[in-house]
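The data block below is start_23.pdb; it holds PDB, C-alpha atoms.
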```pdb
MODEL        1
ATOM      1  CA  MET Q  85      52.259  83.256  96.018
ATOM      2  CA  ARG Q  86      54.865  80.558  96.457
ATOM      3  CA  GLU Q  87      57.673  81.483  98.860
ATOM      4  CA  GLN Q  88      61.015  81.920  97.112
ATOM      5  CA  SER Q  89      63.533  79.259  98.114
ATOM      6  CA  LYS Q  90      66.661  80.366  99.911
ATOM      7  CA  GLY Q  91      70.006  80.321  98.186
ATOM      8  CA  ARG Q  92      73.280  78.937  99.419
ATOM      9  CA  VAL Q  93      76.509  80.622 100.544
ATOM     10  CA  PHE Q  94      79.977  79.244  99.873
ATOM     11  CA  LEU Q  95      82.759  80.531 102.150
ATOM     12  CA  VAL Q  96      85.663  80.179  99.743
ATOM     13  CA  GLY Q  97      89.396  80.561 100.318
ATOM     14  CA  ALA Q  98      91.015  82.161  97.258
ATOM     15  CA  GLY Q  99      94.555  81.226  98.272
ATOM     16  CA  PRO Q 100      97.507  83.499  99.082
ATOM     17  CA  GLY Q 101      97.497  85.573  95.897
ATOM     18  CA  ASP Q 102      98.818  83.712  92.859
ATOM     19  CA  PRO Q 103      95.613  82.905  90.888
ATOM     20  CA  GLU Q 104      97.003  79.501  89.917
ATOM     21  CA  LEU Q 105      96.875  78.481  93.587
ATOM     22  CA  LEU Q 106      93.073  78.570  93.543
ATOM     23  CA  THR Q 107      91.562  75.125  94.175
ATOM     24  CA  LEU Q 108      89.493  73.343  91.520
ATOM     25  CA  ARG Q 109      86.496  73.338  93.878
ATOM     26  CA  ALA Q 110      86.778  77.094  94.392
ATOM     27  CA  ALA Q 111      86.931  77.687  90.634
ATOM     28  CA  ARG Q 112      83.830  75.560  90.089
ATOM     29  CA  VAL Q 113      81.638  77.286  92.669
ATOM     30  CA  LEU Q 114      82.796  80.660  91.300
ATOM     31  CA  ARG Q 115      81.643  79.651  87.804
ATOM     32  CA  GLU Q 116      78.231  78.733  89.203
ATOM     33  CA  ALA Q 117      77.713  81.716  91.521
ATOM     34  CA  ASP Q 118      75.113  84.442  91.030
ATOM     35  CA  THR Q 119      76.864  86.777  93.485
ATOM     36  CA  VAL Q 120      80.509  87.049  94.503
ATOM     37  CA  VAL Q 121      81.367  89.017  97.655
ATOM     38  CA  TYR Q 122      85.135  89.468  97.627
ATOM     39  CA  ASP Q 123      88.002  90.882  99.675
ATOM     40  CA  ARG Q 124      90.944  93.191  98.944
ATOM     41  CA  LEU Q 125      93.514  90.371  98.923
ATOM     42  CA  VAL Q 126      91.801  88.414  96.147
ATOM     43  CA  HIS Q 127      93.863  88.535  92.950
ATOM     44  CA  PRO Q 128      91.879  90.186  90.102
ATOM     45  CA  ALA Q 129      92.560  87.176  87.867
ATOM     46  CA  VAL Q 130      90.659  84.939  90.306
ATOM     47  CA  LEU Q 131      87.495  86.919  89.550
ATOM     48  CA  GLU Q 132      87.779  85.876  85.923
ATOM     49  CA  HIS Q 133      86.360  82.516  86.989
ATOM     50  CA  ALA Q 134      83.039  84.199  87.801
ATOM     51  CA  ARG Q 135      80.171  84.057  85.304
ATOM     52  CA  PRO Q 136      80.004  87.084  82.963
ATOM     53  CA  HIS Q 137      76.774  88.358  84.517
ATOM     54  CA  ALA Q 138      77.483  87.490  88.144
ATOM     55  CA  ARG Q 139      77.105  90.357  90.581
ATOM     56  CA  LEU Q 140      80.492  91.315  92.091
ATOM     57  CA  ILE Q 141      80.417  93.078  95.455
ATOM     58  CA  TYR Q 142      83.672  94.417  96.926
ATOM     59  CA  VAL Q 143      83.931  94.441 100.718
ATOM     60  CA  GLY Q 144      87.689  94.817 101.143
ATOM     61  CA  LYS Q 145      89.365  95.977 104.343
ATOM     62  CA  GLU Q 146      92.603  97.888 104.569
ATOM     63  CA  GLY Q 147      94.903  99.528 107.096
ATOM     64  CA  GLY Q 148      93.148  98.150 110.161
ATOM     65  CA  GLY Q 149      89.900  99.949 109.312
ATOM     66  CA  ASP Q 150      86.879  98.346 107.732
ATOM     67  CA  SER Q 151      85.592  99.818 104.478
ATOM     68  CA  VAL Q 152      82.593  97.586 105.104
ATOM     69  CA  ARG Q 153      81.910  96.539 108.695
ATOM     70  CA  GLN Q 154      81.795  92.831 109.445
ATOM     71  CA  ASP Q 155      78.154  92.920 110.495
ATOM     72  CA  GLU Q 156      77.319  94.616 107.185
ATOM     73  CA  ILE Q 157      79.013  91.779 105.323
ATOM     74  CA  HIS Q 158      76.781  89.347 107.209
ATOM     75  CA  VAL Q 159      73.731  91.319 106.094
ATOM     76  CA  ILE Q 160      74.893  91.257 102.453
ATOM     77  CA  LEU Q 161      75.440  87.495 102.483
ATOM     78  CA  ILE Q 162      72.105  86.763 104.101
ATOM     79  CA  ALA Q 163      70.191  89.192 101.885
ATOM     80  CA  GLN Q 164      71.670  87.739  98.686
ATOM     81  CA  ALA Q 165      70.897  84.195  99.816
ATOM     82  CA  LEU Q 166      67.310  85.144 100.703
ATOM     83  CA  LEU Q 167      66.888  86.237  97.079
ATOM     84  CA  GLY Q 168      67.514  82.614  96.130
ATOM     85  CA  ARG Q 169      71.011  83.241  94.808
ATOM     86  CA  SER Q 170      74.133  81.111  94.937
ATOM     87  CA  VAL Q 171      76.614  83.325  96.797
ATOM     88  CA  VAL Q 172      80.390  82.998  96.978
ATOM     89  CA  ARG Q 173      82.095  84.790  99.853
ATOM     90  CA  LEU Q 174      85.618  84.984  98.460
ATOM     91  CA  LYS Q 175      88.478  85.555 100.893
ATOM     92  CA  GLY Q 176      92.245  85.640 100.543
ATOM     93  CA  GLY Q 177      94.015  82.568 101.911
ATOM     94  CA  ASP Q 178      91.723  80.277 103.885
ATOM     95  CA  ALA Q 179      88.454  81.613 105.264
ATOM     96  CA  PHE Q 180      88.983  79.935 108.640
ATOM     97  CA  VAL Q 181      92.564  81.175 109.205
ATOM     98  CA  PHE Q 182      92.383  84.785 110.424
ATOM     99  CA  GLY Q 183      89.701  85.366 107.789
ATOM    100  CA  ARG Q 184      86.657  85.778 110.064
ATOM    101  CA  GLY Q 185      85.027  82.916 108.206
ATOM    102  CA  GLY Q 186      83.879  81.428 111.484
ATOM    103  CA  GLU Q 187      81.955  84.607 112.300
ATOM    104  CA  GLU Q 188      80.253  84.532 108.917
ATOM    105  CA  ALA Q 189      79.411  80.843 109.290
ATOM    106  CA  LEU Q 190      77.793  81.561 112.673
ATOM    107  CA  ALA Q 191      75.755  84.424 111.194
ATOM    108  CA  LEU Q 192      74.515  82.191 108.378
ATOM    109  CA  GLU Q 193      73.743  79.412 110.852
ATOM    110  CA  GLU Q 194      71.645  81.761 112.969
ATOM    111  CA  ALA Q 195      69.802  83.033 109.889
ATOM    112  CA  GLY Q 196      69.006  79.522 108.711
ATOM    113  CA  ILE Q 197      70.988  79.921 105.482
ATOM    114  CA  ALA Q 198      72.600  76.849 103.934
ATOM    115  CA  TYR Q 199      76.358  77.254 103.548
ATOM    116  CA  GLU Q 200      79.504  75.338 102.702
ATOM    117  CA  VAL Q 201      83.164  75.988 103.430
ATOM    118  CA  VAL Q 202      85.663  75.601 100.583
ATOM    119  CA  PRO Q 203      89.152  75.567 102.137
ATOM    120  CA  GLY Q 204      91.932  77.592 100.553
ATOM    121  CA  ILE Q 205      95.729  77.548 100.723
ATOM    122  CA  THR Q 206      96.669  79.741 103.654
ATOM    123  CA  ALA Q 207      99.375  82.385 103.394
ATOM    124  CA  GLY Q 208     101.030  80.979 106.516
ATOM    125  CA  THR Q 209     102.487  78.055 104.581
ATOM    126  CA  ALA Q 210     102.345  79.250 100.965
ATOM    127  CA  VAL Q 211     104.079  82.607 101.397
ATOM    128  CA  PRO Q 212     107.156  81.252 103.216
ATOM    129  CA  ALA Q 213     107.371  78.484 100.592
ATOM    130  CA  ALA Q 214     107.243  81.067  97.789
ATOM    131  CA  ALA Q 215     110.104  82.880  99.551
ATOM    132  CA  ALA Q 216     112.153  79.647  99.766
ATOM    133  CA  ILE Q 217     111.586  79.274 103.519
ATOM    134  CA  PRO Q 218     110.334  75.857 104.736
ATOM    135  CA  VAL Q 219     108.397  76.445 107.960
ATOM    136  CA  THR Q 220     109.506  73.036 109.258
ATOM    137  CA  HIS Q 221     112.784  71.259 108.549
ATOM    138  CA  ARG Q 222     114.244  68.105 110.065
ATOM    139  CA  GLY Q 223     116.847  68.981 112.660
ATOM    140  CA  VAL Q 224     115.970  72.678 112.574
ATOM    141  CA  SER Q 225     112.274  73.083 113.413
ATOM    142  CA  GLY Q 226     109.674  70.454 114.172
ATOM    143  CA  ALA Q 227     106.873  72.866 115.032
ATOM    144  CA  VAL Q 228     105.371  76.061 113.685
ATOM    145  CA  THR Q 229     103.115  78.619 115.351
ATOM    146  CA  PHE Q 230     100.682  80.759 113.353
ATOM    147  CA  ALA Q 231      99.489  83.964 114.965
ATOM    148  CA  THR Q 232      98.472  87.504 114.134
ATOM    149  CA  ALA Q 233     100.096  90.700 115.299
ATOM    150  CA  HIS Q 234      96.763  92.495 114.963
ATOM    151  CA  ARG Q 235      94.257  91.403 117.602
ATOM    152  CA  GLU Q 236      91.254  93.518 118.445
ATOM    153  CA  GLY Q 237      90.846  94.098 122.165
ATOM    154  CA  SER Q 238      93.668  91.802 123.295
ATOM    155  CA  THR Q 239      97.454  91.563 123.496
ATOM    156  CA  PRO Q 240      99.343  88.629 121.976
ATOM    157  CA  ASP Q 241     100.975  86.208 124.415
ATOM    158  CA  TRP Q 242     104.512  87.263 123.559
ATOM    159  CA  ALA Q 243     106.108  84.877 126.071
ATOM    160  CA  PHE Q 244     104.453  81.947 124.332
ATOM    161  CA  LEU Q 245     105.164  83.211 120.826
ATOM    162  CA  ALA Q 246     108.817  83.907 121.629
ATOM    163  CA  GLN Q 247     109.335  80.203 122.388
ATOM    164  CA  SER Q 248     108.020  79.019 119.001
ATOM    165  CA  GLN Q 249     110.549  77.083 116.928
ATOM    166  CA  THR Q 250     109.125  78.742 113.816
ATOM    167  CA  LEU Q 251     106.809  81.717 114.209
ATOM    168  CA  VAL Q 252     104.671  82.958 111.329
ATOM    169  CA  LEU Q 253     102.882  86.216 112.056
ATOM    170  CA  TYR Q 254     100.088  87.481 109.841
ATOM    171  CA  MET Q 255      99.346  91.219 109.522
ATOM    172  CA  ALA Q 256     102.661  92.239 111.084
ATOM    173  CA  GLY Q 257     103.557  95.058 108.702
ATOM    174  CA  SER Q 258     102.168  98.113 110.466
ATOM    175  CA  ARG Q 259     103.356  96.885 113.878
ATOM    176  CA  LEU Q 260     106.630  95.288 112.916
ATOM    177  CA  GLU Q 261     108.918  97.358 115.150
ATOM    178  CA  GLU Q 262     106.623  96.853 118.143
ATOM    179  CA  THR Q 263     106.303  93.139 117.361
ATOM    180  CA  ALA Q 264     110.043  92.506 117.046
ATOM    181  CA  ARG Q 265     110.757  94.423 120.243
ATOM    182  CA  ALA Q 266     108.073  92.479 122.135
ATOM    183  CA  LEU Q 267     109.500  89.128 121.011
ATOM    184  CA  VAL Q 268     113.031  90.113 122.065
ATOM    185  CA  ASN Q 269     111.777  91.430 125.400
ATOM    186  CA  ALA Q 270     109.957  88.110 125.902
ATOM    187  CA  GLY Q 271     113.183  86.166 125.472
ATOM    188  CA  ARG Q 272     113.702  85.565 121.755
ATOM    189  CA  ALA Q 273     117.291  86.276 120.780
ATOM    190  CA  ALA Q 274     117.728  89.450 118.749
ATOM    191  CA  SER Q 275     120.068  87.458 116.477
ATOM    192  CA  THR Q 276     117.299  85.016 115.451
ATOM    193  CA  PRO Q 277     116.941  84.901 111.649
ATOM    194  CA  ALA Q 278     113.794  86.663 110.451
ATOM    195  CA  ALA Q 279     112.193  87.558 107.147
ATOM    196  CA  VAL Q 280     109.319  89.720 105.997
ATOM    197  CA  VAL Q 281     107.565  88.815 102.755
ATOM    198  CA  GLU Q 282     105.521  91.508 101.054
ATOM    199  CA  ALA Q 283     102.745  90.382  98.673
ATOM    200  CA  GLY Q 284     103.735  86.738  98.905
ATOM    201  CA  THR Q 285     103.052  84.710  95.699
ATOM    202  CA  TRP Q 286     101.908  87.887  93.876
ATOM    203  CA  GLU Q 287     103.741  89.283  90.842
ATOM    204  CA  HIS Q 288     105.412  91.971  92.967
ATOM    205  CA  GLN Q 289     106.525  89.752  95.863
ATOM    206  CA  ARG Q 290     109.526  91.086  97.800
ATOM    207  CA  VAL Q 291     111.512  89.578 100.672
ATOM    208  CA  VAL Q 292     113.725  91.187 103.308
ATOM    209  CA  GLU Q 293     115.905  89.079 105.623
ATOM    210  CA  ALA Q 294     117.600  90.315 108.793
ATOM    211  CA  PRO Q 295     118.144  89.318 112.426
ATOM    212  CA  LEU Q 296     115.022  89.847 114.502
ATOM    213  CA  GLY Q 297     116.563  92.829 116.264
ATOM    214  CA  ARG Q 298     117.093  94.644 112.944
ATOM    215  CA  ILE Q 299     114.234  93.355 110.801
ATOM    216  CA  ALA Q 300     112.001  96.404 111.336
ATOM    217  CA  HIS Q 301     114.826  98.775 110.368
ATOM    218  CA  GLU Q 302     115.647  96.828 107.202
ATOM    219  CA  VAL Q 303     112.001  96.551 106.159
ATOM    220  CA  LYS Q 304     111.540 100.286 106.615
ATOM    221  CA  ARG Q 305     114.680 100.961 104.591
ATOM    222  CA  ALA Q 306     113.357  98.740 101.774
ATOM    223  CA  SER Q 307     109.931 100.447 101.954
ATOM    224  CA  LEU Q 308     108.032  97.171 102.126
ATOM    225  CA  GLY Q 309     104.285  97.564 102.351
ATOM    226  CA  SER Q 310     101.120  95.583 102.943
ATOM    227  CA  PRO Q 311     100.179  92.774 102.928
ATOM    228  CA  SER Q 312     103.209  91.272 104.595
ATOM    229  CA  LEU Q 313     104.058  88.199 106.632
ATOM    230  CA  LEU Q 314     106.776  87.873 109.298
ATOM    231  CA  ILE Q 315     108.673  84.598 109.694
ATOM    232  CA  VAL Q 316     110.964  84.143 112.699
ATOM    233  CA  GLY Q 317     113.189  81.139 113.309
ATOM    234  CA  GLU Q 318     116.272  79.252 112.206
ATOM    235  CA  VAL Q 319     114.398  77.987 109.120
ATOM    236  CA  VAL Q 320     114.826  81.451 107.595
ATOM    237  CA  SER Q 321     118.576  80.781 107.281
ATOM    238  CA  LEU Q 322     117.784  77.885 104.915
ATOM    239  CA  ARG Q 323     116.777  80.417 102.272
ATOM    240  CA  SER Q 324     120.432  81.152 101.487
ATOM    241  CA  ARG Q 325     120.938  77.441 100.802
ATOM    242  CA  LEU Q 326     118.114  77.338  98.226
ATOM    243  CA  PRO Q 327     119.373  79.809  95.601
ATOM    244  CA  SER Q 328     117.641  77.999  92.718
ATOM    245  CA  LEU Q 329     114.255  78.426  94.368
ATOM    246  CA  VAL Q 330     114.976  82.056  95.257
ATOM    247  CA  ALA Q 331     116.005  82.832  91.679
ATOM    248  CA  ARG Q 332     112.918  81.154  90.247
ATOM    249  CA  GLY Q 333     110.627  83.495  92.152
ATOM    250  CA  THR Q 334     106.863  83.357  91.749
ATOM    251  CA  PRO Q 335     104.685  82.832  88.660
ATOM    252  CA  TRP Q 336     103.789  85.972  86.727
ATOM    253  CA  ASN Q 337     100.347  86.478  85.260
ATOM    254  CA  GLU Q 338     100.462  90.026  83.886
ATOM    255  CA  PRO Q 339      98.014  89.463  80.978
ATOM    256  CA  ALA Q 340      95.334  88.191  83.349
ATOM    257  CA  LEU Q 341      96.049  91.028  85.775
ATOM    258  CA  ALA Q 342      95.716  93.592  82.988
ATOM    259  CA  ARG Q 343      92.448  92.096  81.727
ATOM    260  CA  ALA Q 344      90.959  92.100  85.221
ATOM    261  CA  ALA Q 345      91.981  95.723  85.776
ATOM    262  CA  GLU Q 346      89.953  96.769  82.709
ATOM    263  CA  GLY Q 347      86.674  95.543  84.179
ATOM    264  CA  GLY Q 348      84.651  97.469  86.735
ATOM    265  CA  HIS Q 349      83.378  95.858  89.940
ATOM    266  CA  GLU Q 350      80.992  97.058  92.619
TER     267      GLU Q 350
ENDMDL
END
```
Represent the supplied structure as structure tokens.
Amino acid sequence: MREQSKGRVFLVGAGPGDPELLTLRAARVLREADTVVYDRLVHPAVLEHARPHARLIYVGKEGGGDSVRQDEIHVILIAQALLGRSVVRLKGGDAFVFGRGGEEALALEEAGIAYEVVPGITAGTAVPAAAAIPVTHRGVSGAVTFATAHREGSTPDWAFLAQSQTLVLYMAGSRLEETARALVNAGRAASTPAAVVEAGTWEHQRVVEAPLGRIAHEVKRASLGSPSLLIVGEVVSLRSRLPSLVARGTPWNEPALARAAEGGHE
């Protein structure tokens, strides 16, 4: 019996949320995939690019706990590829920016599975832009630091992060009060402009602005939830000078969202 040829895995960034921010390359490999393994932060309308009979496998993670462990995701990807299938591993944002795409690439490398990385638009730049906050601006900020407030087994270098001209923190929602306090204790002025963006680029995006010392209080009062991104720096104050962009908001795609909600996925 002839040995079945191995398939191929595509590690695909789905972008920050808005389905129209998906790249053309990502849409094409989705249309050609036999299996799509997707995360919680992938907009339902993005899955409409998949073939009608493609197998959809949900492996989303929420609240700091894994609904599917990372090593189990590796097993799924490898097993599907060994069946000779074209597999898309679909992640919110960019797979290589706090998306554990590097870990999955290493697992595929060790298993001898062919793979390709399809970059996506990361939330670190897209979400502030959707909230009318440029992460760099001449005369205000010439550098930006991307970090995560949620790090397994380690503590962020708050002294370093506090010195960033613009700081963009992923996954800051559940630890916002602790994060803001740590930055102030490390030397960042409590009066520094800050903003938290909930569900950036999605239909229900919300933004709260406040000085760093009060941002956690204001976010709690507004009942912002997850996913959220924290931006700290003088660039946040530019938002008040861009009222046209603030008023325009983000694209709405309710019909696509409703259609996707009607379908069932694994």
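Here CA of Gln164 in chain Q and CA of Gly101 in chain Q stand 26.1 Å from one another.
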Starting from the displayed file, determine the output of the PyMOL selection byres ((chain Q and resi 269) around 12) and express the residue list as a ChimeraX atom specification. /Q:242-243,245-247,262-268,270-274,296-297
Write to file, as a PDB file, in the coordinates of the input, the residues of the selection just made, with C-alpha atoms.
```pdb
ATOM      1  CA  TRP Q 242     104.512  87.263 123.559  1.00  0.00           C
ATOM      2  CA  ALA Q 243     106.108  84.877 126.071  1.00  0.00           C
ATOM      3  CA  LEU Q 245     105.164  83.211 120.826  1.00  0.00           C
ATOM      4  CA  ALA Q 246     108.817  83.907 121.629  1.00  0.00           C
ATOM      5  CA  GLN Q 247     109.335  80.203 122.388  1.00  0.00           C
ATOM      6  CA  GLU Q 262     106.623  96.853 118.143  1.00  0.00           C
ATOM      7  CA  THR Q 263     106.303  93.139 117.361  1.00  0.00           C
ATOM      8  CA  ALA Q 264     110.043  92.506 117.046  1.00  0.00           C
ATOM      9  CA  ARG Q 265     110.757  94.423 120.243  1.00  0.00           C
ATOM     10  CA  ALA Q 266     108.073  92.479 122.135  1.00  0.00           C
ATOM     11  CA  LEU Q 267     109.500  89.128 121.011  1.00  0.00           C
ATOM     12  CA  VAL Q 268     113.031  90.113 122.065  1.00  0.00           C
ATOM     13  CA  ALA Q 270     109.957  88.110 125.902  1.00  0.00           C
ATOM     14  CA  GLY Q 271     113.183  86.166 125.472  1.00  0.00           C
ATOM     15  CA  ARG Q 272     113.702  85.565 121.755  1.00  0.00           C
ATOM     16  CA  ALA Q 273     117.291  86.276 120.780  1.00  0.00           C
ATOM     17  CA  ALA Q 274     117.728  89.450 118.749  1.00  0.00           C
ATOM     18  CA  LEU Q 296     115.022  89.847 114.502  1.00  0.00           C
ATOM     19  CA  GLY Q 297     116.563  92.829 116.264  1.00  0.00           C
TER      20      GLY Q 297
END
```
Could you name the residues that touch Gly97 in chain Q at 8 Å or less, counting all atoms listed in the file, but leaving out those on the same chain fewer than 6 positions away, as a list in words?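 The residues that qualify are Leu106, Ala110, Leu174, Lys175, Gly176, Gly177, Asp178, Ala179, Val202, Pro203, Gly204 and Ile205 of chain Q.
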Given the file shown, determine the residues that the PyMOL selection byres ((chain Q and resi 114-124) around 10) selects; report them as a VMD selection string. chain Q and resid 91 to 96 98 108 to 113 125 to 128 130 to 146 157 160 to 161 164 to 165 168 to 176 183 350
Those residues you just picked out, can you put them in a file as a PDB file, keeping the file's coordinate frame with C-alpha atoms?
```pdb
ATOM      1  CA  GLY Q  91      70.006  80.321  98.186  1.00  0.00           C
ATOM      2  CA  ARG Q  92      73.280  78.937  99.419  1.00  0.00           C
ATOM      3  CA  VAL Q  93      76.509  80.622 100.544  1.00  0.00           C
ATOM      4  CA  PHE Q  94      79.977  79.244  99.873  1.00  0.00           C
ATOM      5  CA  LEU Q  95      82.759  80.531 102.150  1.00  0.00           C
ATOM      6  CA  VAL Q  96      85.663  80.179  99.743  1.00  0.00           C
ATOM      7  CA  ALA Q  98      91.015  82.161  97.258  1.00  0.00           C
ATOM      8  CA  LEU Q 108      89.493  73.343  91.520  1.00  0.00           C
ATOM      9  CA  ARG Q 109      86.496  73.338  93.878  1.00  0.00           C
ATOM     10  CA  ALA Q 110      86.778  77.094  94.392  1.00  0.00           C
ATOM     11  CA  ALA Q 111      86.931  77.687  90.634  1.00  0.00           C
ATOM     12  CA  ARG Q 112      83.830  75.560  90.089  1.00  0.00           C
ATOM     13  CA  VAL Q 113      81.638  77.286  92.669  1.00  0.00           C
ATOM     14  CA  LEU Q 125      93.514  90.371  98.923  1.00  0.00           C
ATOM     15  CA  VAL Q 126      91.801  88.414  96.147  1.00  0.00           C
ATOM     16  CA  HIS Q 127      93.863  88.535  92.950  1.00  0.00           C
ATOM     17  CA  PRO Q 128      91.879  90.186  90.102  1.00  0.00           C
ATOM     18  CA  VAL Q 130      90.659  84.939  90.306  1.00  0.00           C
ATOM     19  CA  LEU Q 131      87.495  86.919  89.550  1.00  0.00           C
ATOM     20  CA  GLU Q 132      87.779  85.876  85.923  1.00  0.00           C
ATOM     21  CA  HIS Q 133      86.360  82.516  86.989  1.00  0.00           C
ATOM     22  CA  ALA Q 134      83.039  84.199  87.801  1.00  0.00           C
ATOM     23  CA  ARG Q 135      80.171  84.057  85.304  1.00  0.00           C
ATOM     24  CA  PRO Q 136      80.004  87.084  82.963  1.00  0.00           C
ATOM     25  CA  HIS Q 137      76.774  88.358  84.517  1.00  0.00           C
ATOM     26  CA  ALA Q 138      77.483  87.490  88.144  1.00  0.00           C
ATOM     27  CA  ARG Q 139      77.105  90.357  90.581  1.00  0.00           C
ATOM     28  CA  LEU Q 140      80.492  91.315  92.091  1.00  0.00           C
ATOM     29  CA  ILE Q 141      80.417  93.078  95.455  1.00  0.00           C
ATOM     30  CA  TYR Q 142      83.672  94.417  96.926  1.00  0.00           C
ATOM     31  CA  VAL Q 143      83.931  94.441 100.718  1.00  0.00           C
ATOM     32  CA  GLY Q 144      87.689  94.817 101.143  1.00  0.00           C
ATOM     33  CA  LYS Q 145      89.365  95.977 104.343  1.00  0.00           C
ATOM     34  CA  GLU Q 146      92.603  97.888 104.569  1.00  0.00           C
ATOM     35  CA  ILE Q 157      79.013  91.779 105.323  1.00  0.00           C
ATOM     36  CA  ILE Q 160      74.893  91.257 102.453  1.00  0.00           C
ATOM     37  CA  LEU Q 161      75.440  87.495 102.483  1.00  0.00           C
ATOM     38  CA  GLN Q 164      71.670  87.739  98.686  1.00  0.00           C
ATOM     39  CA  ALA Q 165      70.897  84.195  99.816  1.00  0.00           C
ATOM     40  CA  GLY Q 168      67.514  82.614  96.130  1.00  0.00           C
ATOM     41  CA  ARG Q 169      71.011  83.241  94.808  1.00  0.00           C
ATOM     42  CA  SER Q 170      74.133  81.111  94.937  1.00  0.00           C
ATOM     43  CA  VAL Q 171      76.614  83.325  96.797  1.00  0.00           C
ATOM     44  CA  VAL Q 172      80.390  82.998  96.978  1.00  0.00           C
ATOM     45  CA  ARG Q 173      82.095  84.790  99.853  1.00  0.00           C
ATOM     46  CA  LEU Q 174      85.618  84.984  98.460  1.00  0.00           C
ATOM     47  CA  LYS Q 175      88.478  85.555 100.893  1.00  0.00           C
ATOM     48  CA  GLY Q 176      92.245  85.640 100.543  1.00  0.00           C
ATOM     49  CA  GLY Q 183      89.701  85.366 107.789  1.00  0.00           C
ATOM     50  CA  GLU Q 350      80.992  97.058  92.619  1.00  0.00           C
TER      51      GLU Q 350
END
```
Pull out every residue that the PyMOL selection byres ((chain Q and resi 321-327) around 10) matches in the shown coordinates and put them as a list in words. Pro212, Ala213, Ala215, Ala216, Ile217, Pro218, Val219, His221, Val224, Thr276, Pro277, Ala278, Ala279, Glu293, Ala294, Pro295, Val316, Gly317, Glu318, Val319, Val320, Ser328, Leu329, Val330, Ala331 and Arg332 of chain Q
CA of Ala189 in chain Q to CA of Leu253 in chain Q measures 24.2 Å
